[in-house]
$ cat my_file_14.txt   # compact mmCIF, C-alpha atoms
# COMPACT_ATOMS: atom_id res chain seq x y z
CA MET R 79 7.36 -12.35 -21.61
CA SER R 80 5.72 -11.04 -24.77
CA VAL R 81 7.72 -11.31 -28.02
CA ASN R 82 8.84 -7.95 -29.48
CA CYS R 83 7.71 -6.02 -26.39
CA PRO R 84 10.36 -3.38 -25.56
CA PHE R 85 9.42 -3.26 -21.87
CA CYS R 86 9.59 -7.07 -21.57
CA SER R 87 13.09 -6.84 -23.11
CA ILE R 88 14.14 -4.26 -20.52
CA ALA R 89 12.62 -6.32 -17.69
CA ALA R 90 14.53 -9.40 -18.94
CA GLY R 91 17.80 -7.43 -19.09
CA LYS R 92 17.98 -7.90 -22.88
CA ALA R 93 17.58 -4.21 -23.69
CA SER R 94 19.28 -1.34 -21.88
CA ALA R 95 17.46 1.41 -20.01
CA SER R 96 18.34 4.20 -17.61
CA ILE R 97 17.04 2.45 -14.52
CA VAL R 98 15.72 4.37 -11.53
CA TYR R 99 14.26 1.51 -9.47
CA GLU R 100 13.99 -2.27 -9.63
CA ASP R 101 12.58 -5.01 -7.40
CA ALA R 102 11.31 -8.55 -8.06
CA ALA R 103 8.10 -7.37 -9.76
CA ILE R 104 8.48 -3.69 -10.72
CA MET R 105 10.89 -1.47 -12.65
CA ALA R 106 11.20 2.29 -13.16
CA PHE R 107 13.33 3.83 -15.93
CA MET R 108 13.66 7.04 -17.94
CA ASP R 109 11.27 7.61 -20.87
CA LEU R 110 13.29 7.74 -24.12
CA ASN R 111 11.05 10.55 -25.40
CA PRO R 112 10.65 12.70 -22.31
CA THR R 113 7.95 15.35 -22.19
CA ASN R 114 10.02 17.21 -19.60
CA VAL R 115 13.46 16.37 -18.14
CA GLY R 116 12.97 13.66 -15.50
CA HIS R 117 10.04 11.93 -17.25
CA THR R 118 10.07 8.40 -15.78
CA LEU R 119 8.06 5.22 -16.49
CA VAL R 120 7.00 2.61 -13.93
CA VAL R 121 6.13 -0.89 -15.24
CA PRO R 122 5.38 -4.35 -13.88
CA LYS R 123 8.02 -6.81 -15.13
CA GLN R 124 5.35 -9.29 -16.17
CA HIS R 125 3.50 -8.47 -19.37
CA TRP R 126 -0.02 -7.10 -19.13
CA THR R 127 -1.33 -4.93 -21.93
CA ASN R 128 -3.34 -2.41 -19.95
CA LEU R 129 -5.33 -1.46 -16.85
CA TYR R 130 -8.12 -3.91 -17.71
CA GLU R 131 -5.65 -6.85 -17.64
CA ILE R 132 -3.27 -6.07 -14.78
CA PRO R 133 -4.27 -7.85 -11.54
CA GLU R 134 -5.29 -5.66 -8.60
CA ASP R 135 -2.41 -6.81 -6.35
CA VAL R 136 0.25 -6.01 -8.99
CA LEU R 137 -1.42 -2.65 -9.65
CA ALA R 138 -1.10 -1.84 -5.94
CA GLU R 139 2.63 -2.64 -6.09
CA VAL R 140 3.06 -0.47 -9.19
CA VAL R 141 1.38 2.58 -7.64
CA ALA R 142 3.36 2.26 -4.41
CA VAL R 143 6.49 2.61 -6.57
CA VAL R 144 4.86 5.47 -8.53
CA LYS R 145 4.27 7.35 -5.26
CA ARG R 146 7.85 6.86 -4.12
CA VAL R 147 9.49 7.65 -7.48
CA SER R 148 7.25 10.73 -8.01
CA ALA R 149 8.61 12.32 -4.85
CA ALA R 150 12.18 11.53 -5.93
CA VAL R 151 11.64 12.91 -9.46
CA LYS R 152 10.09 16.09 -8.04
CA LYS R 153 13.06 16.62 -5.74
CA THR R 154 15.65 15.76 -8.42
CA VAL R 155 14.47 18.21 -11.08
CA ASP R 156 12.95 20.68 -8.60
CA ALA R 157 9.56 20.32 -10.29
CA GLU R 158 6.60 22.46 -9.23
CA GLY R 159 4.19 19.59 -9.85
CA ILE R 160 3.94 15.99 -11.02
CA SER R 161 1.45 14.63 -13.57
CA VAL R 162 0.82 10.88 -13.36
CA LEU R 163 -0.58 9.46 -16.58
CA GLN R 164 -1.58 5.93 -17.59
CA LEU R 165 -2.89 5.30 -21.11
CA ASN R 166 -4.98 2.40 -22.40
CA GLY R 167 -5.48 1.82 -26.12
CA ARG R 168 -3.99 3.49 -29.19
CA ALA R 169 -6.83 6.03 -29.20
CA SER R 170 -5.63 7.23 -25.79
CA GLY R 171 -2.03 7.59 -27.02
CA GLN R 172 -0.66 4.26 -25.70
CA SER R 173 2.24 3.32 -27.99
CA VAL R 174 3.87 0.44 -26.05
CA MET R 175 1.31 -2.27 -25.34
CA HIS R 176 2.78 -3.20 -21.94
CA PHE R 177 1.06 -1.52 -18.97
CA HIS R 178 3.07 1.52 -17.82
CA VAL R 179 2.64 4.66 -15.75
CA HIS R 180 4.17 8.00 -16.77
CA ILE R 181 5.60 10.27 -14.07
CA ILE R 182 5.96 13.70 -15.70
CA PRO R 183 7.59 16.65 -13.86
CA ARG R 184 5.61 19.83 -14.42
CA PHE R 185 6.43 23.54 -14.42
CA THR R 186 4.14 26.57 -14.67
CA GLY R 187 3.52 27.41 -18.33
CA ASP R 188 5.33 24.34 -19.69
CA GLN R 189 4.40 22.92 -23.07
CA ILE R 190 1.90 20.48 -21.62
CA SER R 191 0.03 23.37 -20.00
CA LYS R 192 -0.06 25.20 -23.31
CA ALA R 193 -1.29 22.14 -25.22
CA ILE R 194 -4.01 21.37 -22.70
CA GLY R 195 -5.01 24.97 -22.01
CA ALA R 196 -6.97 25.62 -25.19
CA MET R 197 -8.79 22.29 -24.88
CA VAL R 198 -9.82 22.94 -21.29
CA GLU R 199 -11.08 26.40 -22.21
CA HIS R 200 -13.20 24.85 -24.96
CA HIS R 201 -14.71 22.31 -22.59
CA ARG R 202 -15.68 24.98 -20.10
CA THR R 203 -18.07 26.25 -22.75
CA ILE R 204 -19.90 22.90 -23.08
CA LYS R 205 -20.49 22.22 -19.39
CA PRO R 206 -23.24 19.57 -19.13
CA ASP R 207 -26.17 19.98 -16.73
CA LYS R 208 -26.80 17.86 -13.64
CA ASN R 209 -29.45 15.71 -15.36
CA GLU R 210 -27.06 14.67 -18.09
CA LEU R 211 -24.36 13.82 -15.55
CA ASP R 212 -26.82 11.84 -13.39
CA LYS R 213 -27.93 9.87 -16.42
CA ILE R 214 -24.43 8.84 -17.45
CA ALA R 215 -23.51 8.06 -13.81
CA ARG R 216 -26.49 5.70 -13.60
CA LYS R 217 -25.40 3.88 -16.76
CA ILE R 218 -21.83 3.49 -15.48
CA ARG R 219 -23.14 2.10 -12.15
CA GLU R 220 -25.13 -0.48 -14.09
CA ASN R 221 -21.92 -1.54 -15.86
CA LEU R 222 -19.82 -1.86 -12.70
CA MET F 40 -12.55 16.95 6.52
CA SER F 41 -10.94 20.05 5.08
CA VAL F 42 -12.92 23.31 5.22
CA ASN F 43 -14.04 24.61 1.79
CA CYS F 44 -12.92 21.46 0.00
CA PRO F 45 -15.56 20.52 -2.61
CA PHE F 46 -14.64 16.83 -2.58
CA CYS F 47 -14.80 16.67 1.24
CA SER F 48 -18.29 18.22 0.95
CA ILE F 49 -19.34 15.52 -1.52
CA ALA F 50 -17.82 12.78 0.67
CA ALA F 51 -19.73 14.14 3.68
CA GLY F 52 -23.00 14.23 1.69
CA LYS F 53 -23.17 18.03 2.02
CA ALA F 54 -22.80 18.69 -1.70
CA SER F 55 -24.48 16.76 -4.48
CA ALA F 56 -22.67 14.77 -7.14
CA SER F 57 -23.56 12.26 -9.86
CA ILE F 58 -22.26 9.25 -7.97
CA VAL F 59 -20.92 6.19 -9.76
CA TYR F 60 -19.47 4.25 -6.83
CA GLU F 61 -19.20 4.55 -3.05
CA ASP F 62 -17.79 2.43 -0.22
CA ALA F 63 -16.52 3.25 3.27
CA ALA F 64 -13.31 4.89 2.04
CA ILE F 65 -13.69 5.70 -1.66
CA MET F 66 -16.09 7.55 -3.98
CA ALA F 67 -16.41 7.91 -7.76
CA PHE F 68 -18.54 10.60 -9.41
CA MET F 69 -18.86 12.49 -12.70
CA ASP F 70 -16.47 15.38 -13.38
CA LEU F 71 -18.49 18.63 -13.63
CA ASN F 72 -16.25 19.79 -16.51
CA PRO F 73 -15.84 16.62 -18.54
CA THR F 74 -13.16 16.40 -21.20
CA ASN F 75 -15.23 13.71 -22.93
CA VAL F 76 -18.67 12.30 -22.02
CA GLY F 77 -18.18 9.77 -19.20
CA HIS F 78 -15.25 11.60 -17.55
CA THR F 79 -15.28 10.26 -13.98
CA LEU F 80 -13.28 11.10 -10.82
CA VAL F 81 -12.22 8.66 -8.10
CA VAL F 82 -11.36 10.10 -4.68
CA PRO F 83 -10.59 8.89 -1.17
CA LYS F 84 -13.23 10.24 1.25
CA GLN F 85 -10.57 11.38 3.67
CA HIS F 86 -8.71 14.54 2.72
CA TRP F 87 -5.20 14.24 1.36
CA THR F 88 -3.89 16.97 -0.92
CA ASN F 89 -1.88 14.88 -3.34
CA LEU F 90 0.12 11.73 -4.18
CA TYR F 91 2.89 12.69 -1.77
CA GLU F 92 0.44 12.76 1.17
CA ILE F 93 -1.95 9.86 0.52
CA PRO F 94 -0.94 6.69 2.44
CA GLU F 95 0.08 3.67 0.36
CA ASP F 96 -2.80 1.47 1.59
CA VAL F 97 -5.46 4.06 0.70
CA LEU F 98 -3.81 4.60 -2.68
CA ALA F 99 -4.11 0.85 -3.35
CA GLU F 100 -7.84 1.04 -2.54
CA VAL F 101 -8.29 4.05 -4.84
CA VAL F 102 -6.60 2.38 -7.83
CA ALA F 103 -8.57 -0.84 -7.38
CA VAL F 104 -11.70 1.30 -7.82
CA VAL F 105 -10.08 3.15 -10.75
CA LYS F 106 -9.48 -0.18 -12.50
CA ARG F 107 -13.06 -1.31 -11.96
CA VAL F 108 -14.70 2.01 -12.88
CA SER F 109 -12.48 2.42 -15.98
CA ALA F 110 -13.83 -0.82 -17.46
CA ALA F 111 -17.41 0.30 -16.70
CA VAL F 112 -16.86 3.77 -18.22
CA LYS F 113 -15.30 2.22 -21.35
CA LYS F 114 -18.27 -0.09 -21.76
CA THR F 115 -20.85 2.61 -21.02
CA VAL F 116 -19.70 5.17 -23.57
CA ASP F 117 -18.17 2.58 -25.95
CA ALA F 118 -14.77 4.29 -25.66
CA GLU F 119 -11.82 3.13 -27.76
CA GLY F 120 -9.41 3.90 -24.92
CA ILE F 121 -9.15 5.23 -21.37
CA SER F 122 -6.66 7.81 -20.10
CA VAL F 123 -6.03 7.77 -16.36
CA LEU F 124 -4.63 11.04 -15.05
CA GLN F 125 -3.63 12.19 -11.58
CA LEU F 126 -2.32 15.72 -11.09
CA ASN F 127 -0.24 17.13 -8.26
CA GLY F 128 0.25 20.87 -7.84
CA ARG F 129 -1.23 23.87 -9.61
CA ALA F 130 1.63 23.77 -12.17
CA SER F 131 0.40 20.31 -13.23
CA GLY F 132 -3.20 21.52 -13.63
CA GLN F 133 -4.55 20.33 -10.25
CA SER F 134 -7.46 22.66 -9.39
CA VAL F 135 -9.08 20.84 -6.44
CA MET F 136 -6.53 20.26 -3.70
CA HIS F 137 -8.00 16.90 -2.63
CA PHE F 138 -6.27 13.85 -4.18
CA HIS F 139 -8.28 12.59 -7.17
CA VAL F 140 -7.84 10.39 -10.23
CA HIS F 141 -9.37 11.28 -13.62
CA ILE F 142 -10.82 8.49 -15.77
CA ILE F 143 -11.18 9.97 -19.27
CA PRO F 144 -12.80 8.02 -22.14
CA ARG F 145 -10.83 8.42 -25.35
CA PHE F 146 -11.65 8.30 -29.05
CA THR F 147 -9.36 8.41 -32.11
CA GLY F 148 -8.73 12.03 -33.10
CA ASP F 149 -10.53 13.49 -30.08
CA GLN F 150 -9.61 16.95 -28.82
CA ILE F 151 -7.11 15.62 -26.29
CA SER F 152 -5.23 13.87 -29.12
CA LYS F 153 -5.15 17.10 -31.10
CA ALA F 154 -3.92 19.13 -28.12
CA ILE F 155 -1.19 16.65 -27.24
CA GLY F 156 -0.19 15.83 -30.84
CA ALA F 157 1.76 18.99 -31.60
CA MET F 158 3.57 18.82 -28.27
CA VAL F 159 4.63 15.20 -28.78
CA GLU F 160 5.90 16.00 -32.27
CA HIS F 161 7.98 18.80 -30.80
CA HIS F 162 9.49 16.51 -28.18
CA ARG F 163 10.50 13.92 -30.75
CA THR F 164 12.88 16.56 -32.10
CA ILE F 165 14.68 16.98 -28.76
CA LYS F 166 15.28 13.33 -27.92
CA PRO F 167 18.03 13.17 -25.28
CA ASP F 168 20.99 10.77 -25.58
CA LYS F 169 21.58 7.76 -23.32
CA ASN F 170 24.25 9.56 -21.26
CA GLU F 171 21.85 12.34 -20.35
CA LEU F 172 19.15 9.83 -19.37
CA ASP F 173 21.62 7.75 -17.31
CA LYS F 174 22.72 10.87 -15.48
CA ILE F 175 19.21 11.93 -14.50
CA ALA F 176 18.31 8.33 -13.56
CA ARG F 177 21.28 8.21 -11.19
CA LYS F 178 20.20 11.46 -9.52
CA ILE F 179 16.63 10.18 -9.06
CA ARG F 180 17.93 6.92 -7.54
CA GLU F 181 19.92 8.97 -5.04
CA ASN F 182 16.71 10.78 -4.06
CA LEU F 183 14.62 7.60 -3.60

$ encode --input "my_file_14.txt" --output "structure tokens"
Amino acid sequence: MSVNCPFCSIAAGKASASIVYEDAAIMAFMDLNPTNVGHTLVVPKQHWTNLYEIPEDVLAEVVAVVKRVSAAVKKTVDAEGISVLQLNGRASGQSVMHFHVHIIPRFTGDQISKAIGAMVEHHRTIKPDKNELDKIARKIRENL
Amino acid sequence: MSVNCPFCSIAAGKASASIVYEDAAIMAFMDLNPTNVGHTLVVPKQHWTNLYEIPEDVLAEVVAVVKRVSAAVKKTVDAEGISVLQLNGRASGQSVMHFHVHIIPRFTGDQISKAIGAMVEHHRTIKPDKNELDKIARKIRENL
């Protein structure tokens, strides 16, 4: 358990949460600042900061719960879609430094669509060519 | 293989891609419309439309590759953070109907931050109370 970590506190039963799912290793509960109604978080009970730290076997357990809870969230709020989001580092928007996966119900034309729309349109105008993509792919392969 | 599916074509070697990783079941390659330089996709070679369809064991294989490729992408483009994103349904922004995971390098103040920022600020003003969250959590549990 990490001191002053809100998700460790929830996992230890020391802080309350609106719990959706719990087993020996994994918990799912409602996000306190939902992007849409039904926005749920899935976390490992043990503290790992991010995707780089979490062991592969625990990650597999987390995503099995994400799959199951996503279907339940979709049904519950009658969502048209589900966005699954996992952030690493403050620059990516991670605010709680305990690995977690967001399950966000989505609806046509919701606020997320509007926020992302303009950005996507911009990026369509700077489409890189195949040579550039091959070059970066080669570098990533070398770093695997 | 699904007819007219671009990712099935890549998996079958019938369409080219800037490939980062490949094994018997999984591939990773550069997104043709990157949000930031280094934007990579991880896909199962077999066709499943979304998170609801993909079997748990294949999902575990996919995320193990996501973890490994994320670290390599971060290193390659010297990213401050990594956002992992998986979309289900057109309402969520899914455009290719073959399950895939986005690995997006992130930098402080990048365009994704700007697009999301205003939306997050808005949602902080509509924070739901504990009773509302408990109620939706109970409904999701019933649908698990």

$ interface_residues --input "my_file_14.txt" --of "chain F" --to "chain R" --cutoff "6 Å" --atoms "all atoms listed in the file" --output "VMD selection string"
chain F and resid 57 59 72 95 99 103 111 to 112 115 119 to 128 130 to 131 145 to 147 154 to 155 166 172 to 173 176 179 to 180 182 to 183

$ calpha_fit_and_write --input "my_file_14.txt" --fixed "chain R" --moving "chain F" --output "compact mmCIF listing (two decimals) with C-alpha atoms, in the frame of the given file"
# COMPACT_ATOMS: atom_id res chain seq x y z
CA MET F 40 7.34 -12.35 -21.62
CA SER F 41 5.73 -11.04 -24.77
CA VAL F 42 7.71 -11.31 -28.03
CA ASN F 43 8.83 -7.94 -29.47
CA CYS F 44 7.71 -6.02 -26.39
CA PRO F 45 10.35 -3.38 -25.56
CA PHE F 46 9.43 -3.26 -21.87
CA CYS F 47 9.59 -7.07 -21.55
CA SER F 48 13.08 -6.84 -23.12
CA ILE F 49 14.13 -4.26 -20.52
CA ALA F 50 12.61 -6.34 -17.69
CA ALA F 51 14.52 -9.40 -18.93
CA GLY F 52 17.79 -7.41 -19.10
CA LYS F 53 17.96 -7.90 -22.88
CA ALA F 54 17.59 -4.21 -23.70
CA SER F 55 19.27 -1.35 -21.88
CA ALA F 56 17.46 1.39 -20.00
CA SER F 57 18.35 4.21 -17.61
CA ILE F 58 17.05 2.44 -14.52
CA VAL F 59 15.71 4.35 -11.54
CA TYR F 60 14.26 1.51 -9.48
CA GLU F 61 13.99 -2.28 -9.62
CA ASP F 62 12.58 -5.02 -7.39
CA ALA F 63 11.32 -8.55 -8.06
CA ALA F 64 8.10 -7.38 -9.75
CA ILE F 65 8.48 -3.72 -10.71
CA MET F 66 10.88 -1.48 -12.66
CA ALA F 67 11.20 2.28 -13.17
CA PHE F 68 13.33 3.82 -15.93
CA MET F 69 13.65 7.03 -17.95
CA ASP F 70 11.26 7.59 -20.86
CA LEU F 71 13.28 7.71 -24.12
CA ASN F 72 11.04 10.54 -25.40
CA PRO F 73 10.63 12.70 -22.31
CA THR F 74 7.95 15.37 -22.20
CA ASN F 75 10.02 17.20 -19.58
CA VAL F 76 13.46 16.35 -18.14
CA GLY F 77 12.97 13.64 -15.50
CA HIS F 78 10.04 11.92 -17.26
CA THR F 79 10.07 8.40 -15.77
CA LEU F 80 8.07 5.21 -16.48
CA VAL F 81 7.01 2.59 -13.93
CA VAL F 82 6.15 -0.88 -15.23
CA PRO F 83 5.38 -4.34 -13.88
CA LYS F 84 8.02 -6.81 -15.13
CA GLN F 85 5.36 -9.28 -16.17
CA HIS F 86 3.50 -8.46 -19.36
CA TRP F 87 -0.01 -7.09 -19.12
CA THR F 88 -1.32 -4.92 -21.94
CA ASN F 89 -3.33 -2.42 -19.95
CA LEU F 90 -5.33 -1.45 -16.83
CA TYR F 91 -8.10 -3.90 -17.69
CA GLU F 92 -5.65 -6.84 -17.65
CA ILE F 93 -3.26 -6.07 -14.78
CA PRO F 94 -4.27 -7.86 -11.53
CA GLU F 95 -5.29 -5.66 -8.60
CA ASP F 96 -2.40 -6.80 -6.35
CA VAL F 97 0.25 -6.01 -8.97
CA LEU F 98 -1.40 -2.66 -9.65
CA ALA F 99 -1.10 -1.84 -5.93
CA GLU F 100 2.63 -2.65 -6.09
CA VAL F 101 3.08 -0.48 -9.19
CA VAL F 102 1.39 2.58 -7.64
CA ALA F 103 3.36 2.26 -4.41
CA VAL F 104 6.49 2.61 -6.57
CA VAL F 105 4.87 5.47 -8.53
CA LYS F 106 4.27 7.35 -5.28
CA ARG F 107 7.85 6.86 -4.13
CA VAL F 108 9.49 7.64 -7.48
CA SER F 109 7.27 10.72 -8.02
CA ALA F 110 8.62 12.33 -4.84
CA ALA F 111 12.20 11.53 -5.93
CA VAL F 112 11.65 12.91 -9.46
CA LYS F 113 10.09 16.10 -8.04
CA LYS F 114 13.06 16.60 -5.75
CA THR F 115 15.64 15.75 -8.42
CA VAL F 116 14.49 18.19 -11.08
CA ASP F 117 12.96 20.68 -8.59
CA ALA F 118 9.56 20.32 -10.28
CA GLU F 119 6.61 22.46 -9.21
CA GLY F 120 4.20 19.59 -9.86
CA ILE F 121 3.94 15.99 -11.05
CA SER F 122 1.45 14.62 -13.57
CA VAL F 123 0.82 10.88 -13.38
CA LEU F 124 -0.58 9.44 -16.59
CA GLN F 125 -1.58 5.92 -17.60
CA LEU F 126 -2.89 5.29 -21.10
CA ASN F 127 -4.97 2.40 -22.40
CA GLY F 128 -5.46 1.83 -26.12
CA ARG F 129 -3.98 3.48 -29.19
CA ALA F 130 -6.84 6.04 -29.19
CA SER F 131 -5.61 7.24 -25.78
CA GLY F 132 -2.01 7.59 -27.00
CA GLN F 133 -0.66 4.26 -25.68
CA SER F 134 2.25 3.31 -27.97
CA VAL F 135 3.87 0.44 -26.03
CA MET F 136 1.32 -2.28 -25.34
CA HIS F 137 2.79 -3.21 -21.94
CA PHE F 138 1.06 -1.54 -18.96
CA HIS F 139 3.07 1.50 -17.82
CA VAL F 140 2.63 4.65 -15.75
CA HIS F 141 4.16 8.00 -16.77
CA ILE F 142 5.61 10.26 -14.08
CA ILE F 143 5.97 13.70 -15.70
CA PRO F 144 7.59 16.65 -13.87
CA ARG F 145 5.62 19.84 -14.40
CA PHE F 146 6.44 23.54 -14.43
CA THR F 147 4.15 26.59 -14.66
CA GLY F 148 3.52 27.43 -18.32
CA ASP F 149 5.32 24.36 -19.66
CA GLN F 150 4.39 22.96 -23.06
CA ILE F 151 1.90 20.48 -21.63
CA SER F 152 0.02 23.38 -19.99
CA LYS F 153 -0.07 25.23 -23.30
CA ALA F 154 -1.30 22.17 -25.21
CA ILE F 155 -4.03 21.39 -22.69
CA GLY F 156 -5.03 25.02 -22.02
CA ALA F 157 -6.98 25.65 -25.21
CA MET F 158 -8.79 22.33 -24.90
CA VAL F 159 -9.84 22.99 -21.31
CA GLU F 160 -11.12 26.44 -22.25
CA HIS F 161 -13.20 24.86 -24.98
CA HIS F 162 -14.71 22.33 -22.59
CA ARG F 163 -15.71 25.01 -20.10
CA THR F 164 -18.10 26.25 -22.80
CA ILE F 165 -19.90 22.89 -23.08
CA LYS F 166 -20.49 22.20 -19.40
CA PRO F 167 -23.24 19.57 -19.13
CA ASP F 168 -26.20 19.97 -16.74
CA LYS F 169 -26.79 17.83 -13.64
CA ASN F 170 -29.46 15.70 -15.36
CA GLU F 171 -27.06 14.68 -18.10
CA LEU F 172 -24.36 13.80 -15.55
CA ASP F 173 -26.83 11.83 -13.39
CA LYS F 174 -27.93 9.87 -16.43
CA ILE F 175 -24.42 8.85 -17.45
CA ALA F 176 -23.52 8.06 -13.81
CA ARG F 177 -26.49 5.69 -13.60
CA LYS F 178 -25.41 3.89 -16.78
CA ILE F 179 -21.84 3.49 -15.48
CA ARG F 180 -23.14 2.10 -12.16
CA GLU F 181 -25.13 -0.48 -14.10
CA ASN F 182 -21.92 -1.53 -15.87
CA LEU F 183 -19.83 -1.86 -12.68

$ residues_around --input "my_file_14.txt" --residues "F:Ile65" --least-positions-apart "4" --cutoff "7 Å" --atoms "only C-alpha atoms" --output "short mmCIF file (atom, residue, chain, number, x, y, z; two decimals) with C-alpha atoms, keeping the file's coordinate frame"
data_model
loop_
_atom_site.label_atom_id
_atom_site.label_comp_id
_atom_site.auth_asym_id
_atom_site.auth_seq_id
_atom_site.Cartn_x
_atom_site.Cartn_y
_atom_site.Cartn_z
CA GLU F 61 -19.20 4.55 -3.05
CA VAL F 82 -11.36 10.10 -4.68
CA PRO F 83 -10.59 8.89 -1.17
CA LYS F 84 -13.23 10.24 1.25
CA VAL F 101 -8.29 4.05 -4.84
#

$ atom_distance --input "my_file_14.txt" --atom1 "atom CA of R:Thr127" --atom2 "atom CA of F:Ala64"
28.5 Å

$ atom_distance --input "my_file_14.txt" --atom1 "atom CA of R:Lys92" --atom2 "atom CA of R:Gln124"
14.4 Å

$ atom_distance --input "my_file_14.txt" --atom1 "atom CA of R:Ser173" --atom2 "atom CA of R:Phe85"
11.5 Å

$ closest_residue --input "my_file_14.txt" --among "F:Leu80, F:Cys44, F:Val135, F:Ala50" --to "F:Asp62" --atoms "only C-alpha atoms"
F:Ala50

$ closest_residue --input "my_file_14.txt" --among "F:Ala54, F:Met40, F:Ile49, F:Ala63" --to "F:His86" --atoms "only C-alpha atoms"
F:Met40

$ decode --input "my_file_14.txt" --residues "stretch 205-221 of chain R" --atoms "N, CA and C atoms" --output "compact mmCIF listing (two decimals), in the first residue's frame"
# COMPACT_ATOMS: atom_id res chain seq x y z
N LYS R 205 -1.13 14.40 -42.33
CA LYS R 205 -0.89 12.96 -42.51
C LYS R 205 0.54 12.71 -43.00
N PRO R 206 1.30 11.92 -42.26
CA PRO R 206 2.70 11.65 -42.65
C PRO R 206 2.76 10.65 -43.81
N ASP R 207 3.86 10.66 -44.55
CA ASP R 207 3.99 9.69 -45.65
C ASP R 207 4.57 8.38 -45.13
N LYS R 208 4.51 7.36 -46.02
CA LYS R 208 4.91 6.01 -45.64
C LYS R 208 6.38 5.94 -45.18
N ASN R 209 7.25 6.72 -45.80
CA ASN R 209 8.66 6.70 -45.41
C ASN R 209 8.86 7.16 -43.97
N GLU R 210 8.15 8.20 -43.62
CA GLU R 210 8.25 8.70 -42.24
C GLU R 210 7.76 7.65 -41.25
N LEU R 211 6.64 7.01 -41.59
CA LEU R 211 6.07 6.00 -40.68
C LEU R 211 7.00 4.79 -40.58
N ASP R 212 7.59 4.38 -41.71
CA ASP R 212 8.53 3.25 -41.68
C ASP R 212 9.73 3.56 -40.80
N LYS R 213 10.20 4.77 -40.89
CA LYS R 213 11.37 5.18 -40.13
C LYS R 213 11.12 5.11 -38.62
N ILE R 214 9.97 5.65 -38.21
CA ILE R 214 9.67 5.63 -36.77
C ILE R 214 9.39 4.20 -36.30
N ALA R 215 8.75 3.40 -37.16
CA ALA R 215 8.47 1.99 -36.81
C ALA R 215 9.79 1.25 -36.57
N ARG R 216 10.78 1.51 -37.41
CA ARG R 216 12.08 0.85 -37.27
C ARG R 216 12.74 1.20 -35.94
N LYS R 217 12.64 2.48 -35.59
CA LYS R 217 13.22 2.93 -34.31
C LYS R 217 12.52 2.26 -33.13
N ILE R 218 11.19 2.18 -33.19
CA ILE R 218 10.46 1.55 -32.08
C ILE R 218 10.85 0.07 -31.97
N ARG R 219 10.96 -0.61 -33.11
CA ARG R 219 11.37 -2.04 -33.10
C ARG R 219 12.72 -2.18 -32.39
N GLU R 220 13.63 -1.27 -32.68
CA GLU R 220 14.96 -1.33 -32.06
C GLU R 220 14.89 -1.14 -30.55
N ASN R 221 13.84 -0.47 -30.08
CA ASN R 221 13.70 -0.22 -28.64
C ASN R 221 12.82 -1.25 -27.92
